[in-house]
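S.K.: Input structure: structure09.csv, which contains CSV, C-alpha atoms and all ligand atoms.
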```csv
chain,number,residue,atom,x,y,z
Z,444,MET,CA,-99.4,107.8,-313.8
Z,445,LYS,CA,-99.9,111.0,-315.8
Z,446,ARG,CA,-99.2,114.2,-313.8
Z,447,ASN,CA,-101.5,117.1,-314.8
Z,448,ILE,CA,-99.4,120.1,-313.9
Z,449,VAL,CA,-101.5,122.7,-315.4
Z,450,THR,CA,-104.7,121.7,-313.6
Z,451,ALA,CA,-103.0,121.5,-310.2
Z,452,PHE,CA,-101.4,124.9,-310.8
Z,453,THR,CA,-104.6,126.6,-311.7
Z,454,VAL,CA,-106.7,125.2,-308.9
Z,455,LEU,CA,-104.1,125.7,-306.1
Z,456,GLY,CA,-103.2,129.1,-307.4
Z,457,LEU,CA,-106.8,130.2,-307.1
Z,458,ALA,CA,-107.3,128.5,-303.8
Z,459,ALA,CA,-104.3,130.3,-302.3
Z,460,GLY,CA,-106.0,133.6,-303.2
Z,461,HIS,CA,-103.5,134.7,-305.7
Z,462,LEU,CA,-104.6,136.6,-308.8
Z,463,PHE,CA,-104.9,134.2,-311.6
Z,464,ALA,CA,-101.6,134.1,-313.4
Z,465,VAL,CA,-101.7,132.9,-317.0
Z,466,GLU,CA,-99.7,129.8,-317.4
Z,467,PRO,CA,-96.9,130.6,-319.9
Z,468,ASP,CA,-97.2,129.1,-323.3
Z,469,TRP,CA,-94.1,126.9,-322.9
Z,470,GLY,CA,-94.2,125.6,-326.4
Z,471,SER,CA,-93.7,129.1,-328.0
Z,472,LEU,CA,-91.5,130.5,-325.3
Z,473,ALA,CA,-87.9,130.7,-326.6
Z,474,TYR,CA,-85.1,129.0,-324.7
Z,475,THR,CA,-83.0,131.1,-322.5
Z,476,ALA,CA,-79.3,130.2,-322.8
Z,477,HIS,CA,-77.5,129.1,-319.7
Z,478,SER,CA,-74.8,131.7,-320.6
Z,479,ALA,CA,-77.4,134.5,-320.4
Z,480,TYR,CA,-79.1,133.2,-317.3
Z,481,GLN,CA,-75.7,133.0,-315.5
Z,482,ALA,CA,-74.4,136.4,-316.7
Z,483,VAL,CA,-72.6,138.5,-314.0
Z,484,ASP,CA,-71.3,142.0,-313.4
Z,485,GLY,CA,-67.7,142.9,-312.4
Z,486,SER,CA,-68.5,141.9,-308.8
Z,487,GLY,CA,-69.7,138.5,-309.8
Z,488,THR,CA,-73.3,139.4,-309.1
Z,489,GLY,CA,-76.0,138.0,-311.4
Z,490,THR,CA,-77.5,140.4,-313.9
Z,491,PHE,CA,-80.2,138.3,-315.5
Z,492,PRO,CA,-83.7,139.8,-314.8
Z,493,LEU,CA,-85.5,137.2,-312.7
Z,494,ASP,CA,-89.0,138.6,-313.2
Z,495,ALA,CA,-90.6,136.4,-315.8
Z,496,PRO,CA,-90.8,132.6,-316.6
Z,497,VAL,CA,-87.9,131.1,-318.4
Z,498,LYS,CA,-87.3,127.9,-320.3
Z,499,LEU,CA,-83.8,126.3,-320.3
Z,500,ARG,CA,-82.6,123.0,-321.8
Z,501,GLY,CA,-79.7,120.7,-321.3
Z,502,VAL,CA,-78.3,117.4,-320.1
Z,503,LEU,CA,-79.0,116.3,-316.5
Z,504,LEU,CA,-75.6,115.8,-314.7
Z,505,ASN,CA,-76.5,114.1,-311.4
Z,506,ARG,CA,-79.0,112.4,-309.2
Z,507,SER,CA,-79.8,114.7,-306.3
Z,508,ALA,CA,-79.1,111.9,-303.8
Z,509,ALA,CA,-75.5,112.0,-304.8
Z,510,MET,CA,-75.3,115.6,-303.5
Z,511,LEU,CA,-77.9,116.4,-300.8
Z,512,ASN,CA,-79.9,114.6,-298.3
Z,513,GLY,CA,-83.5,114.6,-299.7
Z,514,THR,CA,-85.1,112.5,-296.9
Z,515,ALA,CA,-88.2,114.4,-295.7
Z,516,GLY,CA,-87.7,115.7,-292.2
Z,517,THR,CA,-83.9,115.7,-292.4
Z,518,PRO,CA,-82.6,117.9,-289.5
Z,519,GLY,CA,-81.2,121.3,-290.4
Z,520,PHE,CA,-82.3,124.8,-291.3
Z,521,LEU,CA,-83.7,123.8,-294.6
Z,522,GLY,CA,-84.5,120.2,-293.8
Z,523,ALA,CA,-84.5,118.0,-296.9
Z,524,GLN,CA,-82.8,119.4,-299.9
Z,525,TRP,CA,-82.8,118.5,-303.6
Z,526,GLN,CA,-80.6,119.7,-306.4
Z,527,VAL,CA,-79.7,118.7,-310.0
Z,528,TYR,CA,-77.4,120.4,-312.5
Z,529,VAL,CA,-78.3,120.8,-316.1
Z,530,GLN,CA,-75.5,121.5,-318.6
Z,531,ALA,CA,-76.0,123.5,-321.8
Z,532,ASP,CA,-76.3,121.3,-324.9
Z,533,GLN,CA,-76.7,123.9,-327.6
Z,534,PRO,CA,-73.6,124.9,-329.8
Z,535,SER,CA,-73.7,128.6,-329.0
Z,536,ASP,CA,-74.2,128.1,-325.2
Z,537,PHE,CA,-71.9,127.0,-322.4
Z,538,GLY,CA,-72.0,126.2,-318.7
Z,539,GLY,CA,-75.0,125.0,-316.8
Z,540,THR,CA,-77.6,125.8,-314.1
Z,541,ALA,CA,-78.6,124.2,-310.8
Z,542,CYS,CA,-82.2,123.5,-310.0
Z,543,TYR,CA,-82.9,123.5,-306.2
Z,544,LEU,CA,-85.7,122.7,-303.7
Z,545,GLY,CA,-85.6,122.9,-299.9
Z,546,GLN,CA,-88.2,121.6,-297.5
Z,547,TYR,CA,-88.3,124.3,-294.8
Z,548,TYR,CA,-88.7,127.6,-296.6
Z,549,GLY,CA,-90.7,128.7,-293.6
Z,550,ASN,CA,-87.5,128.9,-291.6
Z,551,PHE,CA,-86.3,131.9,-293.7
Z,552,PRO,CA,-86.9,135.1,-291.7
Z,553,PHE,CA,-88.7,136.6,-294.7
Z,554,ASN,CA,-91.3,133.7,-294.8
Z,555,PRO,CA,-94.1,132.7,-292.6
Z,556,PRO,CA,-93.7,129.1,-291.1
Z,557,GLU,CA,-96.5,127.7,-293.4
Z,558,GLU,CA,-94.1,128.1,-296.4
Z,559,SER,CA,-92.4,124.9,-295.2
Z,560,TYR,CA,-93.4,121.6,-296.9
Z,561,SER,CA,-94.8,118.9,-294.7
Z,562,ASP,CA,-93.0,115.6,-295.2
Z,563,ALA,CA,-95.9,114.4,-297.5
Z,564,GLU,CA,-95.9,117.6,-299.5
Z,565,TRP,CA,-92.1,117.4,-299.9
Z,566,ASN,CA,-92.2,113.8,-301.1
Z,567,ASP,CA,-94.8,114.8,-303.7
Z,568,GLU,CA,-92.8,117.7,-304.9
Z,569,VAL,CA,-89.6,115.6,-305.3
Z,570,ASP,CA,-91.6,112.9,-307.0
Z,571,ARG,CA,-92.9,115.6,-309.4
Z,572,VAL,CA,-89.5,117.0,-310.4
Z,573,THR,CA,-87.8,113.6,-310.7
Z,574,HIS,CA,-90.3,112.2,-313.2
Z,575,ASP,CA,-91.2,113.2,-316.7
Z,576,PRO,CA,-94.9,114.3,-316.5
Z,577,ASP,CA,-95.9,112.6,-319.7
Z,578,SER,CA,-94.0,109.2,-319.6
Z,579,ASP,CA,-93.5,109.1,-315.8
Z,580,ARG,CA,-89.8,108.1,-316.6
Z,581,LEU,CA,-87.6,108.5,-313.5
Z,582,PHE,CA,-85.0,111.0,-314.8
Z,583,GLN,CA,-81.4,109.7,-315.1
Z,584,PRO,CA,-78.1,111.6,-315.5
Z,585,GLY,CA,-77.6,111.8,-319.2
Z,586,ASP,CA,-81.2,112.6,-320.0
Z,587,VAL,CA,-81.8,115.7,-322.1
Z,588,VAL,CA,-84.5,117.8,-320.3
Z,589,GLU,CA,-86.4,121.1,-320.6
Z,590,ILE,CA,-86.7,123.2,-317.4
Z,591,ARG,CA,-89.8,125.3,-317.2
Z,592,ALA,CA,-89.2,127.8,-314.4
Z,593,ARG,CA,-92.1,130.0,-313.4
Z,594,ALA,CA,-90.6,132.0,-310.6
Z,595,PRO,CA,-88.0,131.7,-312.3
Z,596,GLY,CA,-85.2,131.6,-309.7
Z,597,LEU,CA,-82.7,133.5,-307.5
Z,598,PHE,CA,-79.1,134.6,-307.6
Z,599,PHE,CA,-77.1,133.2,-304.7
Z,600,ASN,CA,-73.3,133.2,-304.0
Z,601,GLY,CA,-72.1,133.3,-307.6
Z,602,LYS,CA,-74.8,131.3,-309.4
Z,603,THR,CA,-78.3,132.0,-310.7
Z,604,ASN,CA,-80.4,129.0,-309.6
Z,605,VAL,CA,-83.7,127.8,-310.9
Z,606,ASN,CA,-85.9,127.4,-307.8
Z,607,GLU,CA,-89.3,128.4,-306.4
Z,608,GLN,CA,-87.9,131.6,-304.9
Z,609,HIS,CA,-88.4,129.7,-301.6
Z,610,LEU,CA,-92.2,129.7,-301.8
Z,611,LYS,CA,-94.3,126.6,-302.0
Z,612,ASP,CA,-97.3,128.0,-303.9
Z,613,PRO,CA,-97.5,126.0,-307.2
Z,614,GLU,CA,-97.4,129.3,-309.0
Z,615,PHE,CA,-93.7,129.3,-308.3
Z,616,ASP,CA,-93.0,125.7,-309.3
Z,617,PHE,CA,-90.5,124.7,-311.9
Z,618,ASP,CA,-91.2,121.6,-314.1
Z,619,ILE,CA,-88.7,119.3,-315.7
Z,620,VAL,CA,-89.8,117.7,-319.0
Z,621,LEU,CA,-88.0,115.0,-320.9
Z,622,LEU,CA,-86.6,115.9,-324.4
Z,623,GLU,CA,-84.4,112.8,-325.0
Z,624,ALA,CA,-83.8,109.8,-322.8
Z,625,ASP,CA,-80.4,108.4,-322.1
Z,626,ARG,CA,-78.3,110.5,-324.5
Z,627,GLY,CA,-75.4,110.1,-322.0
Z,628,LEU,CA,-73.4,112.6,-319.9
Z,629,PRO,CA,-71.6,115.3,-321.9
Z,630,THR,CA,-67.9,114.7,-322.4
Z,631,PRO,CA,-66.2,116.5,-319.6
Z,632,THR,CA,-64.2,119.6,-320.6
Z,633,LEU,CA,-60.5,118.7,-320.0
Z,634,ILE,CA,-59.0,121.6,-318.0
Z,635,THR,CA,-56.0,122.2,-315.8
Z,636,LEU,CA,-55.8,124.0,-312.5
Z,637,ALA,CA,-54.0,126.8,-314.4
Z,638,ASP,CA,-57.2,127.4,-316.3
Z,639,VAL,CA,-59.0,128.4,-313.1
Z,640,LYS,CA,-56.2,129.5,-310.7
Z,641,ASP,CA,-53.7,132.2,-311.5
Z,642,GLY,CA,-50.3,130.7,-310.3
Z,643,SER,CA,-50.6,132.6,-307.0
Z,644,ASP,CA,-53.4,130.1,-306.1
Z,645,ASP,CA,-56.1,132.8,-306.5
Z,646,PHE,CA,-59.3,132.0,-308.5
Z,647,ILE,CA,-59.4,133.4,-312.0
Z,648,PHE,CA,-62.6,135.5,-312.3
Z,649,ASP,CA,-63.6,136.9,-315.7
Z,650,ALA,CA,-66.9,138.9,-315.7
Z,651,THR,CA,-67.3,138.2,-319.5
Z,652,ARG,CA,-67.3,134.5,-318.5
Z,653,ALA,CA,-65.0,133.7,-321.5
Z,654,SER,CA,-62.4,132.3,-319.2
Z,655,GLY,CA,-61.7,131.3,-315.6
Z,656,GLY,CA,-64.2,129.7,-313.3
Z,657,GLU,CA,-67.2,131.4,-314.9
Z,658,GLN,CA,-66.5,129.6,-318.2
Z,659,TYR,CA,-67.0,126.2,-316.6
Z,660,GLN,CA,-69.5,126.9,-313.9
Z,661,GLY,CA,-72.3,124.3,-313.9
Z,662,SER,CA,-70.7,122.0,-316.3
Z,663,LEU,CA,-68.7,118.7,-316.2
Z,664,VAL,CA,-64.9,119.0,-316.2
Z,665,ARG,CA,-62.0,116.6,-316.0
Z,666,ILE,CA,-58.6,117.4,-314.4
Z,667,ASN,CA,-55.9,114.8,-314.9
Z,668,GLY,CA,-52.8,114.0,-312.8
Z,669,VAL,CA,-53.5,115.8,-309.6
Z,670,GLU,CA,-52.9,114.7,-306.0
Z,671,ILE,CA,-55.0,115.0,-302.8
Z,672,VAL,CA,-53.0,117.0,-300.3
Z,673,GLU,CA,-55.4,117.9,-297.6
Z,674,SER,CA,-58.2,115.6,-296.8
Z,675,THR,CA,-61.4,115.4,-295.0
Z,676,TRP,CA,-62.1,112.3,-297.1
Z,677,SER,CA,-65.6,111.2,-296.2
Z,678,ALA,CA,-69.0,111.3,-297.8
Z,679,ASP,CA,-69.9,115.0,-298.1
Z,680,GLY,CA,-66.4,116.0,-297.1
Z,681,THR,CA,-64.1,118.4,-298.9
Z,682,VAL,CA,-60.5,117.6,-299.9
Z,683,THR,CA,-57.9,119.8,-301.5
Z,684,ILE,CA,-56.2,118.7,-304.8
Z,685,THR,CA,-53.1,120.2,-306.2
Z,686,ASP,CA,-51.0,120.1,-309.4
Z,687,GLY,CA,-47.9,121.2,-307.4
Z,688,VAL,CA,-48.6,124.9,-308.1
Z,689,ASN,CA,-52.2,125.6,-307.5
Z,690,THR,CA,-54.8,124.0,-305.2
Z,691,PHE,CA,-58.5,123.5,-305.6
Z,692,PRO,CA,-61.4,122.3,-303.3
Z,693,LEU,CA,-63.0,119.0,-304.3
Z,694,LYS,CA,-66.3,118.4,-302.6
Z,695,LEU,CA,-67.2,114.7,-302.3
Z,696,GLY,CA,-70.7,113.4,-302.9
Z,697,LEU,CA,-72.8,111.3,-300.5
Z,698,GLY,CA,-71.6,107.9,-301.8
Z,699,ALA,CA,-70.9,105.2,-299.3
Z,700,GLY,CA,-67.5,104.6,-301.0
Z,701,PHE,CA,-66.1,107.8,-299.6
Z,702,ASP,CA,-66.6,106.4,-296.1
Z,703,LEU,CA,-65.7,102.8,-296.9
Z,704,TYR,CA,-62.4,103.3,-298.8
Z,705,ALA,CA,-59.2,105.3,-298.1
Z,706,PRO,CA,-58.5,108.2,-300.5
Z,707,PRO,CA,-56.4,107.4,-303.5
Z,708,VAL,CA,-52.7,108.1,-303.3
Z,709,GLY,CA,-50.5,109.7,-306.0
Z,710,PRO,CA,-51.6,111.3,-309.3
Z,711,ILE,CA,-55.3,110.7,-310.0
Z,712,ASP,CA,-57.9,112.0,-312.5
Z,713,ILE,CA,-61.0,113.9,-311.4
Z,714,VAL,CA,-64.4,114.1,-313.1
Z,715,ALA,CA,-66.7,116.6,-311.4
Z,716,ILE,CA,-69.2,119.3,-311.7
Z,717,PHE,CA,-67.5,122.7,-311.7
Z,718,ASP,CA,-69.5,124.6,-309.0
Z,719,GLN,CA,-69.4,128.0,-307.3
Z,720,GLU,CA,-70.8,128.7,-303.9
Z,721,ASP,CA,-69.2,131.6,-302.1
Z,722,GLY,CA,-70.7,133.4,-299.2
Z,723,THR,CA,-67.9,135.8,-298.7
Z,724,SER,CA,-66.4,137.1,-302.0
Z,725,GLY,CA,-69.5,138.3,-303.8
Z,726,GLY,CA,-69.3,135.8,-306.6
Z,727,ILE,CA,-65.7,136.4,-307.8
Z,728,ALA,CA,-64.3,133.3,-305.9
Z,729,GLY,CA,-65.6,130.3,-304.1
Z,730,TYR,CA,-65.3,127.9,-307.0
Z,731,ARG,CA,-65.1,124.2,-306.3
Z,732,LEU,CA,-65.5,120.8,-307.9
Z,733,TRP,CA,-68.3,118.6,-306.8
Z,734,VAL,CA,-68.1,114.8,-307.3
Z,735,THR,CA,-71.5,113.2,-307.9
Z,736,ARG,CA,-70.6,109.6,-308.4
Z,737,ASP,CA,-69.5,107.2,-305.7
Z,738,TYR,CA,-65.9,106.1,-305.2
Z,739,ASP,CA,-65.1,102.4,-305.8
Z,740,ASP,CA,-61.6,102.1,-304.5
Z,741,ASN,CA,-60.0,102.0,-308.0
Z,742,GLY,CA,-57.1,104.2,-307.0
Z,743,TRP,CA,-56.8,106.2,-310.2
Z,744,ILE,CA,-59.9,108.2,-310.9
Z,745,VAL,CA,-62.5,110.0,-308.7
Z,746,GLY,CA,-65.9,110.8,-310.3
Z,747,GLY,CA,-65.4,109.0,-313.6
Z,748,PRO,CA,-65.7,105.5,-315.1
Z,749,SER,CA,-63.2,103.1,-313.5
Z,750,GLY,CA,-63.9,99.9,-315.4
Z,751,ASP,CA,-65.0,98.0,-312.3
Z,752,PHE,CA,-68.4,96.8,-313.6
Z,753,ASP,CA,-69.0,94.4,-310.7
Z,754,ALA,CA,-67.8,96.9,-308.1
Z,755,ASP,CA,-65.5,94.4,-306.3
Z,756,GLY,CA,-62.5,96.7,-306.2
Z,757,ALA,CA,-60.5,95.1,-309.0
Z,758,LEU,CA,-60.5,94.9,-312.8
Z,759,THR,CA,-60.6,91.2,-313.6
Z,760,ASP,CA,-61.9,88.7,-316.2
Z,761,ALA,CA,-65.4,89.3,-315.0
Z,762,ASP,CA,-65.2,93.0,-315.8
Z,763,TYR,CA,-63.6,92.2,-319.2
Z,764,ALA,CA,-66.5,89.9,-320.1
Z,765,MET,CA,-68.8,92.9,-319.6
Z,766,PHE,CA,-66.5,95.2,-321.4
Z,767,ALA,CA,-66.6,92.9,-324.4
Z,768,ASP,CA,-70.4,92.9,-324.2
Z,769,CYS,CA,-70.5,96.7,-324.1
Z,770,MET,CA,-67.9,97.4,-326.8
Z,771,ALA,CA,-69.6,98.4,-330.1
Z,772,GLY,CA,-67.0,100.6,-331.7
Z,773,PRO,CA,-66.5,104.4,-332.2
Z,774,SER,CA,-69.2,107.0,-332.3
Z,775,VAL,CA,-72.1,104.6,-331.7
Z,776,ALA,CA,-74.1,103.8,-328.6
Z,777,PRO,CA,-73.2,100.5,-326.8
Z,778,ALA,CA,-75.6,97.7,-327.7
Z,779,PRO,CA,-75.1,95.2,-324.9
Z,780,ALA,CA,-76.8,91.9,-324.6
Z,781,PHE,CA,-76.4,91.6,-320.8
Z,782,ALA,CA,-76.0,95.1,-319.4
Z,783,SER,CA,-77.9,98.4,-319.9
Z,784,ILE,CA,-76.4,101.1,-322.1
Z,785,SER,CA,-76.0,103.5,-319.2
Z,786,ALA,CA,-74.3,100.8,-317.1
Z,787,CYS,CA,-71.9,100.2,-320.0
Z,788,ARG,CA,-71.1,103.9,-320.2
Z,789,GLU,CA,-70.8,104.3,-316.4
Z,790,ALA,CA,-68.2,101.5,-316.2
Z,791,PHE,CA,-66.3,101.6,-319.4
Z,792,ASP,CA,-66.6,104.8,-321.3
Z,793,PHE,CA,-63.4,106.1,-319.9
Z,794,ASP,CA,-63.1,109.1,-322.3
Z,795,MET,CA,-66.8,109.8,-321.7
Z,796,ASP,CA,-67.6,110.3,-325.4
Z,797,ARG,CA,-70.6,108.0,-325.1
Z,798,ASP,CA,-69.2,105.1,-327.1
Z,799,ILE,CA,-67.2,102.0,-326.0
Z,800,ASP,CA,-64.4,101.6,-328.5
Z,801,LEU,CA,-60.7,100.8,-328.8
Z,802,ASP,CA,-59.7,104.0,-327.1
Z,803,ASP,CA,-61.6,102.8,-324.0
Z,804,PHE,CA,-60.1,99.4,-324.4
Z,805,ALA,CA,-56.6,100.9,-324.1
Z,806,THR,CA,-57.5,102.5,-320.8
Z,807,PHE,CA,-59.1,99.2,-319.6
Z,808,GLN,CA,-55.9,97.4,-320.4
Z,809,GLU,CA,-53.8,99.9,-318.4
Z,810,HIS,CA,-55.8,99.1,-315.3
Z,811,PHE,CA,-56.5,95.4,-315.8
Z,812,GLU,CA,-55.0,93.2,-313.1
Q,901,CA,CA,-70.6,132.7,-311.1
Q,902,CA,CA,-64.3,94.1,-310.9
Q,903,CA,CA,-65.6,106.1,-325.2
```
Show this structure as structure tokens.
Ligand SMILES: [Ca+2]
Ligand SMILES: [Ca+2]
Ligand SMILES: [Ca+2]
M.R.:
Amino acid sequence: MKRNIVTAFTVLGLAAGHLFAVEPDWGSLAYTAHSAYQAVDGSGTGTFPLDAPVKLRGVLLNRSAAMLNGTAGTPGFLGAQWQVYVQADQPSDFGGTACYLGQYYGNFPFNPPEESYSDAEWNDEVDRVTHDPDSDRLFQPGDVVEIRARAPGLFFNGKTNVNEQHLKDPEFDFDIVLLEADRGLPTPTLITLADVKDGSDDFIFDATRASGGEQYQGSLVRINGVEIVESTWSADGTVTITDGVNTFPLKLGLGAGFDLYAPPVGPIDIVAIFDQEDGTSGGIAGYRLWVTRDYDDNGWIVGGPSGDFDADGALTDADYAMFADCMAGPSVAPAPAFASISACREAFDFDMDRDIDLDDFATFQEHFE
């Protein structure tokens, strides 16, 4: 199925009685850097002018279903919600940006009720942003995409988000277009809690965004050797991690494993999206980590590859057989006979540099039973 966005946009835009807005020439429009889109002032408030279409590019970090309940008609103020993060992939850029949709925009006091999506309209909209309009590919984490944001978005609680400015007129739509399938997730930036907390357990905020939470916002990070100290360990719950000096909130995704299994005990590694969502501090605090892959009871890592290919809670000969199939050496993509490339990376690319090599084997051996 080929989706003709331009036609739909033009017809519906006219039907809704809006002045005909010229569709941007997306091909010639320059990319906006995530670092520019996310710029803030000294109070942490966004400064990027949100008055013209923008085009961003980067690597998709998550499936929305790992974060938010997207089932049409979900109870709640906004009903169903949808969100993906896109991380910068250009050398001069950093960080990343969230793209967001909600079903019941009509519940906002500034909107009439008819701004809400019906269940059918919602499903169509989610279908549209989760598939490449040309190839109809269902987007996967690790795909490189282009975001074409007409509205182009809103600043909220510390981040500038691509959205429809909470209006369902297609004139405010954003599109997601495939640039490269299956490149693989970016290697998470290895940080410590001392990079984002100041030793008195306060968030480090730097308005230049060269350090502290702003530097990592919207990107994948890794923190090794922390413990869970305070725990509402459940799907969609938030736990507190500590390195013994500072603490940090870790928001868990919607995976069933967070309900099925007990939290890991002792020093663990974390791979998560570095997020900010602060309703009280004006954007200078409220940082958190958001885990977007399910927990498989491995006991040593949350949010990253654990080696348990067959997801039976143990690393055994069956997993090793798949590891051997996936291993192709340094700096090349896996070329498995029996698995998919992304399944190989999800299970065995422990250092998340997109290959399966002897470095990964060393980690596999450490956890083999
Ligand atoms: Ca921010
Ligand atoms: Ca296993
Ligand atoms: Ca690797």
S.K.: I need the residue nearest ligand CA 902 (chain Q) from this list: Z:Asp794, Z:Asp753, Z:Asp768, Z:Glu789. Use all atoms listed in the file for the distance.
M.R.: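 Selected residue with least distance to ligand CA 902 (chain Q): Z:Asp753.
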S.K.: Can you tell me how far CA of Ser486 in chain Z sits from CA of Gly726 in chain Z, in Å to one decimal?
M.R.: 6.5 Å
S.K.: Please measure the separation of CA of Gln660 in chain Z and CA of Ile619 in chain Z, giving the value in Å to one decimal.
M.R.: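 One can read the CA of Gln660 in chain Z to CA of Ile619 in chain Z distance as 20.7 Å.
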S.K.: With only C-alpha atoms as the basis for distance, which of Z:Gly729, Z:Pro692, Z:Pro552, Z:Gly596 is at the shortest distance from Gly489 in chain Z?
M.R.: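 The shortest atom-to-atom distance to Gly489 in chain Z comes from Z:Gly596.
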S.K.: Between Z:Leu581, Z:Leu732, Z:Val587, Z:Ile666, which is the closest to Leu628 in chain Z once you count all atoms listed in the file?
M.R.: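 Residue with the minimum atom-to-atom distance to Leu628 in chain Z: Z:Val587.
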S.K.: Give me the residues of chain Z that have any atom at most 6 Å from an atom of ligand CA 903 (chain Q); for each, the nearest atom pair and the distance in Å, rounded to one decimal. Use only C-alpha atoms and all ligand atoms, sort by chain and number, and format it as a tab-separated table.
M.R.:
```
residue	atom	partner	partner_atom	distance
Z:Asp792	CA	Q:CA903	CA	4.2
Z:Phe793	CA	Q:CA903	CA	5.7
Z:Asp794	CA	Q:CA903	CA	4.9
Z:Met795	CA	Q:CA903	CA	5.2
Z:Asp796	CA	Q:CA903	CA	4.7
Z:Arg797	CA	Q:CA903	CA	5.3
Z:Asp798	CA	Q:CA903	CA	4.2
Z:Ile799	CA	Q:CA903	CA	4.5
Z:Asp800	CA	Q:CA903	CA	5.7
Z:Asp803	CA	Q:CA903	CA	5.3
```
S.K.: Considering all atoms listed in the file, return as a list in words whatever protein or nucleic-acid residues lie within 8 Å of Gly709 in chain Z, sequence-local ones (same chain, fewer than 2 positions apart) excluded.
M.R.: Val669, Glu670, Ile671, Pro707 and Ile711 of chain Z
S.K.: How would you report the residues lying within 7 Å of ligand CA 902 (chain Q), as JSON, numbers by chain, if you count only C-alpha atoms and all ligand atoms?
M.R.: {"Z": [751, 752, 753, 754, 755, 756, 757, 758, 759, 761, 762]}
S.K.: What residues of the protein or nucleic acid chains come within 12 Å of ligand CA 901 (chain Q) when you use only C-alpha atoms and all ligand atoms? Reply as a PyMOL selection string.
M.R.: chain Z and resi 477-491+538-541+598-604+646-662+717-722+724-731
S.K.: For the atom pair CA of Ser749 in chain Z and CA of Ala790 in chain Z, what is the interatomic distance in Å to one decimal place?
M.R.: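 Straight-line distance from CA of Ser749 in chain Z to CA of Ala790 in chain Z works out to 5.9 Å.
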S.K.: Residues near Asn606 in chain Z, anyone? I mean within 8 Å using only C-alpha atoms, not counting same-chain ones fewer than 5 positions away, as a list in words.
M.R.: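 Surrounding residues, per the criterion: Cys542, Tyr543, Leu544, Ala592, Ala594, Pro595, Gly596, Leu597, Asp616 and Phe617 of chain Z.
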S.K.: Nearest to Asp577 in chain Z: which of Z:Leu693, Z:Leu622, Z:Leu703, Z:Ala508 is it, counting all atoms listed in the file?
M.R.: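 Of Z:Leu693, Z:Leu622, Z:Leu703, Z:Ala508, the one nearest Asp577 in chain Z is Z:Leu622, counting all atoms listed in the file.
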S.K.: Would you pick out the contacts of range 557-574 of chain Z at 7 Å or less, using only C-alpha atoms, so that residues sharing its chain but fewer than 2 positions from it are not included, and give the list as JSON, numbers by chain?
M.R.: {"Z": [515, 516, 546, 547, 548, 549, 554, 555, 576, 579, 580, 581, 582, 610, 611, 618, 619]}
S.K.: Counting all atoms listed in the file, what is within 8 Å of Glu673 in chain Z, bar same-chain residues fewer than 5 positions away, as a PyMOL selection string?
M.R.: chain Z and resi 682-684
S.K.: Identify which of the residues Z:Val714, Z:Ala523, Z:Ala624, Z:Val734 lies closest to Gly680 in chain Z, counting all atoms listed in the file when measuring atom-to-atom distances.
M.R.: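 Going through Z:Val714, Z:Ala523, Z:Ala624, Z:Val734 one by one, the smallest distance to Gly680 in chain Z is for Z:Val734.
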